[in-house]
file model-v2.txt (compact mmCIF, C-alpha atoms)
# COMPACT_ATOMS: atom_id res chain seq x y z
CA MET A 1 -56.96 18.35 -22.82
CA ILE A 2 -60.53 19.30 -21.86
CA GLY A 3 -60.79 23.06 -21.44
CA ARG A 4 -57.67 23.68 -23.51
CA LYS A 5 -57.80 25.96 -26.55
CA VAL A 6 -56.71 24.40 -29.83
CA PRO A 7 -53.39 25.76 -31.11
CA SER A 8 -53.33 28.70 -33.49
CA VAL A 9 -52.11 27.38 -36.84
CA THR A 10 -52.45 28.33 -40.51
CA PHE A 11 -53.08 25.38 -42.82
CA ARG A 12 -52.04 25.43 -46.49
CA THR A 13 -55.05 24.09 -48.40
CA ARG A 14 -55.97 23.68 -52.04
CA VAL A 15 -59.45 24.81 -53.09
CA ARG A 16 -61.27 24.41 -56.36
CA ASP A 17 -61.24 27.58 -58.48
CA GLU A 18 -63.32 27.53 -61.66
CA SER A 19 -61.33 30.47 -63.09
CA ILE A 20 -58.30 28.16 -63.40
CA GLU A 21 -58.26 26.13 -66.60
CA GLY A 22 -56.77 22.71 -67.12
CA PRO A 23 -56.83 19.38 -65.32
CA ASN A 24 -55.98 20.81 -61.88
CA PRO A 25 -58.30 23.79 -61.25
CA TYR A 26 -57.16 24.43 -57.67
CA ARG A 27 -55.41 27.33 -55.96
CA TRP A 28 -53.62 27.68 -52.63
CA GLN A 29 -55.65 29.08 -49.76
CA ASP A 30 -54.49 29.65 -46.19
CA VAL A 31 -57.09 28.57 -43.62
CA THR A 32 -56.59 29.24 -39.91
CA THR A 33 -57.77 27.37 -36.85
CA ASP A 34 -60.14 30.31 -36.25
CA ASP A 35 -61.66 29.71 -39.71
CA TYR A 36 -62.34 26.09 -38.78
CA PHE A 37 -63.32 26.42 -35.11
CA LYS A 38 -64.36 29.95 -34.12
CA GLY A 39 -68.04 30.29 -33.24
CA LYS A 40 -68.79 26.65 -34.04
CA ARG A 41 -69.15 23.38 -32.17
CA VAL A 42 -67.30 20.78 -34.22
CA VAL A 43 -65.98 17.26 -34.10
CA LEU A 44 -62.30 17.00 -34.96
CA PHE A 45 -60.76 13.60 -35.53
CA SER A 46 -57.17 12.93 -36.40
CA LEU A 47 -55.64 9.80 -37.82
CA PRO A 48 -52.27 8.44 -38.93
CA GLY A 49 -52.71 8.85 -42.66
CA ALA A 50 -54.90 9.21 -45.71
CA PHE A 51 -55.42 6.02 -47.71
CA THR A 52 -54.49 3.80 -44.74
CA PRO A 53 -56.72 0.78 -44.00
CA THR A 54 -58.56 1.68 -40.76
CA CYS A 55 -58.89 5.33 -41.73
CA SER A 56 -60.28 4.54 -45.19
CA THR A 57 -62.40 1.52 -44.33
CA TYR A 58 -64.03 2.62 -41.09
CA GLN A 59 -63.23 6.00 -39.58
CA LEU A 60 -63.71 8.51 -42.41
CA PRO A 61 -66.58 6.67 -44.14
CA ASP A 62 -68.49 6.23 -40.88
CA PHE A 63 -68.13 9.91 -39.94
CA GLU A 64 -69.50 10.73 -43.40
CA LYS A 65 -72.43 8.31 -42.94
CA LEU A 66 -73.26 9.61 -39.43
CA TYR A 67 -72.86 13.30 -40.32
CA ASP A 68 -76.59 14.07 -40.14
CA ASP A 69 -76.84 12.37 -36.73
CA PHE A 70 -74.03 14.59 -35.46
CA LYS A 71 -75.79 17.67 -36.88
CA ALA A 72 -79.00 16.65 -35.09
CA ALA A 73 -77.02 16.43 -31.83
CA GLY A 74 -75.75 20.02 -32.13
CA ILE A 75 -72.52 19.63 -34.11
CA ASP A 76 -71.94 22.29 -36.79
CA ALA A 77 -69.14 20.56 -38.71
CA ILE A 78 -66.90 17.50 -38.72
CA TYR A 79 -63.22 17.77 -39.63
CA CYS A 80 -60.70 15.03 -40.35
CA LEU A 81 -57.08 16.06 -39.82
CA SER A 82 -54.00 14.16 -40.91
CA VAL A 83 -50.30 14.86 -41.27
CA ASN A 84 -50.61 14.76 -45.04
CA ASP A 85 -50.37 17.57 -47.59
CA ALA A 86 -53.34 19.19 -49.31
CA PHE A 87 -52.83 17.21 -52.54
CA VAL A 88 -53.03 13.89 -50.69
CA MET A 89 -56.02 14.95 -48.57
CA ASN A 90 -57.92 16.19 -51.63
CA ALA A 91 -57.20 13.00 -53.57
CA TRP A 92 -58.24 10.87 -50.58
CA GLY A 93 -61.48 12.82 -50.14
CA LYS A 94 -62.27 12.40 -53.83
CA SER A 95 -61.50 8.67 -53.78
CA GLN A 96 -63.72 8.25 -50.69
CA GLY A 97 -66.59 10.30 -52.13
CA VAL A 98 -66.51 12.61 -49.12
CA GLU A 99 -69.03 15.46 -49.36
CA LYS A 100 -69.84 16.36 -45.74
CA VAL A 101 -66.68 15.88 -43.66
CA GLY A 102 -64.06 18.60 -44.09
CA LEU A 103 -60.48 17.42 -44.60
CA ILE A 104 -57.70 19.42 -42.97
CA PRO A 105 -54.15 18.95 -44.31
CA ASP A 106 -51.59 19.31 -41.52
CA GLY A 107 -48.74 18.82 -43.96
CA SER A 108 -45.99 20.06 -41.67
CA GLY A 109 -47.49 18.44 -38.57
CA GLU A 110 -47.48 21.79 -36.76
CA PHE A 111 -51.03 21.52 -35.39
CA THR A 112 -50.50 17.88 -34.42
CA ARG A 113 -47.21 18.70 -32.68
CA LYS A 114 -48.77 21.58 -30.75
CA MET A 115 -51.63 19.27 -29.71
CA GLY A 116 -49.03 16.87 -28.28
CA MET A 117 -50.18 14.12 -30.65
CA LEU A 118 -47.23 13.89 -33.07
CA VAL A 119 -45.65 10.43 -32.95
CA ALA A 120 -42.92 8.65 -34.88
CA LYS A 121 -44.20 5.86 -37.10
CA ASP A 122 -40.87 5.09 -38.76
CA ASN A 123 -41.43 1.40 -38.04
CA LEU A 124 -44.27 1.54 -40.59
CA GLY A 125 -42.38 3.73 -43.06
CA PHE A 126 -44.58 6.75 -42.28
CA GLY A 127 -42.23 9.12 -40.46
CA MET A 128 -43.93 11.58 -38.10
CA ARG A 129 -47.72 11.26 -37.98
CA SER A 130 -50.69 11.93 -35.74
CA TRP A 131 -51.79 9.61 -32.99
CA ARG A 132 -55.44 8.65 -33.51
CA TYR A 133 -57.78 10.86 -31.46
CA GLY A 134 -61.07 12.72 -31.59
CA ALA A 135 -62.42 15.82 -29.89
CA VAL A 136 -65.49 17.97 -29.64
CA VAL A 137 -64.29 21.55 -29.99
CA ASN A 138 -66.62 24.36 -28.96
CA ASP A 139 -65.56 27.82 -30.19
CA GLY A 140 -61.93 26.71 -30.27
CA VAL A 141 -61.94 25.06 -26.82
CA ILE A 142 -61.78 21.30 -26.33
CA GLU A 143 -65.05 20.19 -24.73
CA MET A 144 -64.67 16.40 -25.03
CA TRP A 145 -61.57 14.26 -25.69
CA PHE A 146 -61.30 10.75 -27.18
CA GLU A 147 -57.75 9.35 -27.40
CA GLU A 148 -56.76 5.85 -28.38
CA PRO A 149 -54.73 3.98 -25.75
CA GLY A 150 -51.00 3.39 -26.07
CA HIS A 151 -49.95 6.85 -27.31
CA SER A 152 -46.26 6.34 -28.14
CA ASP A 153 -43.60 6.49 -30.78
CA LEU A 154 -43.07 3.36 -32.91
CA CYS A 155 -46.26 1.73 -31.63
CA GLU A 156 -46.65 -1.76 -33.07
CA THR A 157 -50.46 -1.60 -33.09
CA ASP A 158 -53.06 0.83 -34.41
CA PRO A 159 -55.75 0.98 -31.73
CA TYR A 160 -59.18 2.11 -32.88
CA GLY A 161 -62.39 2.47 -30.91
CA GLU A 162 -62.16 5.43 -28.53
CA SER A 163 -62.12 7.86 -31.47
CA SER A 164 -64.65 6.02 -33.60
CA PRO A 165 -67.60 8.06 -34.86
CA GLN A 166 -69.98 5.76 -32.99
CA THR A 167 -68.22 6.39 -29.65
CA ILE A 168 -68.07 10.15 -30.15
CA LEU A 169 -71.67 10.37 -31.40
CA LYS A 170 -72.93 8.47 -28.34
CA ALA A 171 -71.11 10.89 -26.01
CA VAL A 172 -72.43 13.93 -27.90
CA GLN A 173 -75.99 12.57 -27.87
CA GLU A 174 -75.80 11.77 -24.14
CA LYS A 175 -74.57 15.28 -23.37
CA ALA A 176 -77.37 16.79 -25.49
CA ALA A 177 -79.98 14.62 -23.73
CA ALA A 178 -78.69 15.67 -20.30
CA ALA A 179 -78.85 19.39 -21.16

call {"tool": "encode", "arguments": {"input": "model-v2.txt", "output": "structure tokens"}}
result
Amino acid sequence: MIGRKVPSVTFRTRVRDESIEGPNPYRWQDVTTDDYFKGKRVVLFSLPGAFTPTCSTYQLPDFEKLYDDFKAAGIDAIYCLSVNDAFVMNAWGKSQGVEKVGLIPDGSGEFTRKMGMLVAKDNLGFGMRSWRYGAVVNDGVIEMWFEEPGHSDLCETDPYGESSPQTILKAVQEKAAAA
């Protein structure tokens, strides 16, 4: 994965638009991988699903808490990607109080499939979802890769550690110190 360019994909997002009245003031906006990654050094982490226990209790909240530490280590942005639609990702972000981490809805799973990380989770009632991983992406190219062990369809466990914010932050800080 290291040295590989992230796939070119257009994501269907929903963004707040104050010109829209009513209880749902959002409009559709297409956002490309270039919009997210070009000219920036970012952390991308992907997880099986919004509102799921590990993702909601540890992974997303800890990336949010450690955001400033990542910025200090030379990271421009942090993105959380999941095979969920924009409505789900927006509701999850709101429920989690997320203000710093960007949420990317990969509703069709196209990006995840092209990354080689799409797995069947039918045994959990999820259908096709992302395997849990993290990456440091520099101007669209994968610089560092953090993949949970056991990548497979219908995995009975949900490993978590390799792609934790603490693990990725340590690697980023060590690389910055060595430079």

call {"tool": "closest_residue", "arguments": {"input": "model-v2.txt", "among": "A:Leu154, A:Val172, A:Val101, A:Val137", "to": "Gly39 (chain A)", "atoms": "all atoms listed in the file"}}
result
A:Val137

call {"tool": "atom_distance", "arguments": {"input": "model-v2.txt", "atom1": "CA of Gly93 (chain A)", "atom2": "CA of Gly127 (chain A)"}}
result
21.9 Å

call {"tool": "atom_distance", "arguments": {"input": "model-v2.txt", "atom1": "CA of Ala176 (chain A)", "atom2": "CA of Tyr36 (chain A)"}}
result
22.1 Å

call {"tool": "atom_distance", "arguments": {"input": "model-v2.txt", "atom1": "CA of Val141 (chain A)", "atom2": "CA of Asp35 (chain A)"}}
result
13.7 Å

call {"tool": "closest_residue", "arguments": {"input": "model-v2.txt", "among": "A:Ser163, A:Thr13, A:Ser8, A:Gln29", "to": "Val136 (chain A)", "atoms": "all atoms listed in the file"}}
result
A:Ser163

call {"tool": "build_atoms", "arguments": {"input": "model-v2.txt", "residues": "region 83-109 of chain A", "atoms": "N, CA, C and O atoms", "output": "mmCIF file, keeping the file's coordinate frame"}}
result
data_model
loop_
_atom_site.group_PDB
_atom_site.id
_atom_site.type_symbol
_atom_site.label_atom_id
_atom_site.label_comp_id
_atom_site.auth_asym_id
_atom_site.auth_seq_id
_atom_site.Cartn_x
_atom_site.Cartn_y
_atom_site.Cartn_z
ATOM 1 N N VAL A 83 -51.596 14.309 -40.877
ATOM 2 C CA VAL A 83 -50.300 14.860 -41.270
ATOM 3 C C VAL A 83 -50.025 14.373 -42.692
ATOM 4 O O VAL A 83 -49.259 13.440 -42.934
ATOM 5 N N ASN A 84 -50.752 14.980 -43.601
ATOM 6 C CA ASN A 84 -50.610 14.760 -45.040
ATOM 7 C C ASN A 84 -50.778 16.124 -45.700
ATOM 8 O O ASN A 84 -51.438 17.004 -45.142
ATOM 9 N N ASP A 85 -50.242 16.292 -46.899
ATOM 10 C CA ASP A 85 -50.370 17.570 -47.590
ATOM 11 C C ASP A 85 -51.744 17.700 -48.248
ATOM 12 O O ASP A 85 -52.520 16.741 -48.315
ATOM 13 N N ALA A 86 -52.037 18.887 -48.721
ATOM 14 C CA ALA A 86 -53.340 19.190 -49.310
ATOM 15 C C ALA A 86 -53.637 18.340 -50.545
ATOM 16 O O ALA A 86 -54.783 17.958 -50.777
ATOM 17 N N PHE A 87 -52.622 18.020 -51.336
ATOM 18 C CA PHE A 87 -52.830 17.210 -52.540
ATOM 19 C C PHE A 87 -53.312 15.807 -52.150
ATOM 20 O O PHE A 87 -54.249 15.272 -52.737
ATOM 21 N N VAL A 88 -52.664 15.226 -51.155
ATOM 22 C CA VAL A 88 -53.030 13.890 -50.690
ATOM 23 C C VAL A 88 -54.430 13.906 -50.071
ATOM 24 O O VAL A 88 -55.264 13.044 -50.362
ATOM 25 N N MET A 89 -54.703 14.889 -49.220
ATOM 26 C CA MET A 89 -56.020 14.950 -48.570
ATOM 27 C C MET A 89 -57.133 15.143 -49.596
ATOM 28 O O MET A 89 -58.186 14.508 -49.499
ATOM 29 N N ASN A 90 -56.911 15.989 -50.594
ATOM 30 C CA ASN A 90 -57.920 16.190 -51.630
ATOM 31 C C ASN A 90 -58.151 14.914 -52.446
ATOM 32 O O ASN A 90 -59.290 14.555 -52.749
ATOM 33 N N ALA A 91 -57.071 14.235 -52.799
ATOM 34 C CA ALA A 91 -57.200 13.000 -53.570
ATOM 35 C C ALA A 91 -57.908 11.917 -52.748
ATOM 36 O O ALA A 91 -58.742 11.169 -53.273
ATOM 37 N N TRP A 92 -57.598 11.851 -51.459
ATOM 38 C CA TRP A 92 -58.240 10.870 -50.580
ATOM 39 C C TRP A 92 -59.733 11.166 -50.460
ATOM 40 O O TRP A 92 -60.564 10.269 -50.577
ATOM 41 N N GLY A 93 -60.072 12.433 -50.237
ATOM 42 C CA GLY A 93 -61.480 12.820 -50.140
ATOM 43 C C GLY A 93 -62.249 12.469 -51.401
ATOM 44 O O GLY A 93 -63.360 11.949 -51.342
ATOM 45 N N LYS A 94 -61.630 12.726 -52.550
ATOM 46 C CA LYS A 94 -62.270 12.400 -53.830
ATOM 47 C C LYS A 94 -62.449 10.896 -53.973
ATOM 48 O O LYS A 94 -63.516 10.422 -54.366
ATOM 49 N N SER A 95 -61.423 10.135 -53.628
ATOM 50 C CA SER A 95 -61.500 8.670 -53.780
ATOM 51 C C SER A 95 -62.525 8.063 -52.821
ATOM 52 O O SER A 95 -63.100 7.016 -53.115
ATOM 53 N N GLN A 96 -62.758 8.729 -51.691
ATOM 54 C CA GLN A 96 -63.720 8.250 -50.690
ATOM 55 C C GLN A 96 -65.135 8.784 -50.932
ATOM 56 O O GLN A 96 -66.061 8.391 -50.236
ATOM 57 N N GLY A 97 -65.280 9.697 -51.873
ATOM 58 C CA GLY A 97 -66.590 10.300 -52.130
ATOM 59 C C GLY A 97 -67.076 11.170 -50.988
ATOM 60 O O GLY A 97 -68.279 11.303 -50.774
ATOM 61 N N VAL A 98 -66.165 11.791 -50.286
ATOM 62 C CA VAL A 98 -66.510 12.610 -49.120
ATOM 63 C C VAL A 98 -67.150 13.922 -49.577
ATOM 64 O O VAL A 98 -66.590 14.636 -50.413
ATOM 65 N N GLU A 99 -68.322 14.213 -49.037
ATOM 66 C CA GLU A 99 -69.030 15.460 -49.360
ATOM 67 C C GLU A 99 -69.334 16.287 -48.125
ATOM 68 O O GLU A 99 -69.534 17.488 -48.226
ATOM 69 N N LYS A 100 -69.399 15.660 -46.944
ATOM 70 C CA LYS A 100 -69.840 16.360 -45.740
ATOM 71 C C LYS A 100 -68.717 16.634 -44.750
ATOM 72 O O LYS A 100 -68.699 17.680 -44.107
ATOM 73 N N VAL A 101 -67.793 15.717 -44.597
ATOM 74 C CA VAL A 101 -66.680 15.880 -43.660
ATOM 75 C C VAL A 101 -65.602 16.740 -44.303
ATOM 76 O O VAL A 101 -65.205 16.487 -45.444
ATOM 77 N N GLY A 102 -65.149 17.757 -43.593
ATOM 78 C CA GLY A 102 -64.060 18.600 -44.090
ATOM 79 C C GLY A 102 -62.720 17.959 -43.803
ATOM 80 O O GLY A 102 -62.505 17.399 -42.720
ATOM 81 N N LEU A 103 -61.812 18.013 -44.758
ATOM 82 C CA LEU A 103 -60.480 17.420 -44.600
ATOM 83 C C LEU A 103 -59.458 18.533 -44.387
ATOM 84 O O LEU A 103 -59.378 19.468 -45.185
ATOM 85 N N ILE A 104 -58.699 18.413 -43.303
ATOM 86 C CA ILE A 104 -57.700 19.420 -42.970
ATOM 87 C C ILE A 104 -56.307 18.834 -43.175
ATOM 88 O O ILE A 104 -55.928 17.873 -42.500
ATOM 89 N N PRO A 105 -55.521 19.423 -44.092
ATOM 90 C CA PRO A 105 -54.150 18.950 -44.310
ATOM 91 C C PRO A 105 -53.180 19.604 -43.330
ATOM 92 O O PRO A 105 -52.964 20.806 -43.373
ATOM 93 N N ASP A 106 -52.613 18.819 -42.448
ATOM 94 C CA ASP A 106 -51.590 19.310 -41.520
ATOM 95 C C ASP A 106 -50.240 18.837 -42.042
ATOM 96 O O ASP A 106 -49.540 18.057 -41.406
ATOM 97 N N GLY A 107 -49.912 19.301 -43.242
ATOM 98 C CA GLY A 107 -48.740 18.820 -43.960
ATOM 99 C C GLY A 107 -47.438 18.877 -43.192
ATOM 100 O O GLY A 107 -46.621 17.963 -43.268
ATOM 101 N N SER A 108 -47.227 19.922 -42.430
ATOM 102 C CA SER A 108 -45.990 20.060 -41.670
ATOM 103 C C SER A 108 -46.085 19.408 -40.295
ATOM 104 O O SER A 108 -45.085 19.285 -39.600
ATOM 105 N N GLY A 109 -47.288 19.020 -39.889
ATOM 106 C CA GLY A 109 -47.490 18.440 -38.570
ATOM 107 C C GLY A 109 -47.498 19.463 -37.441
ATOM 108 O O GLY A 109 -47.491 19.096 -36.273
#
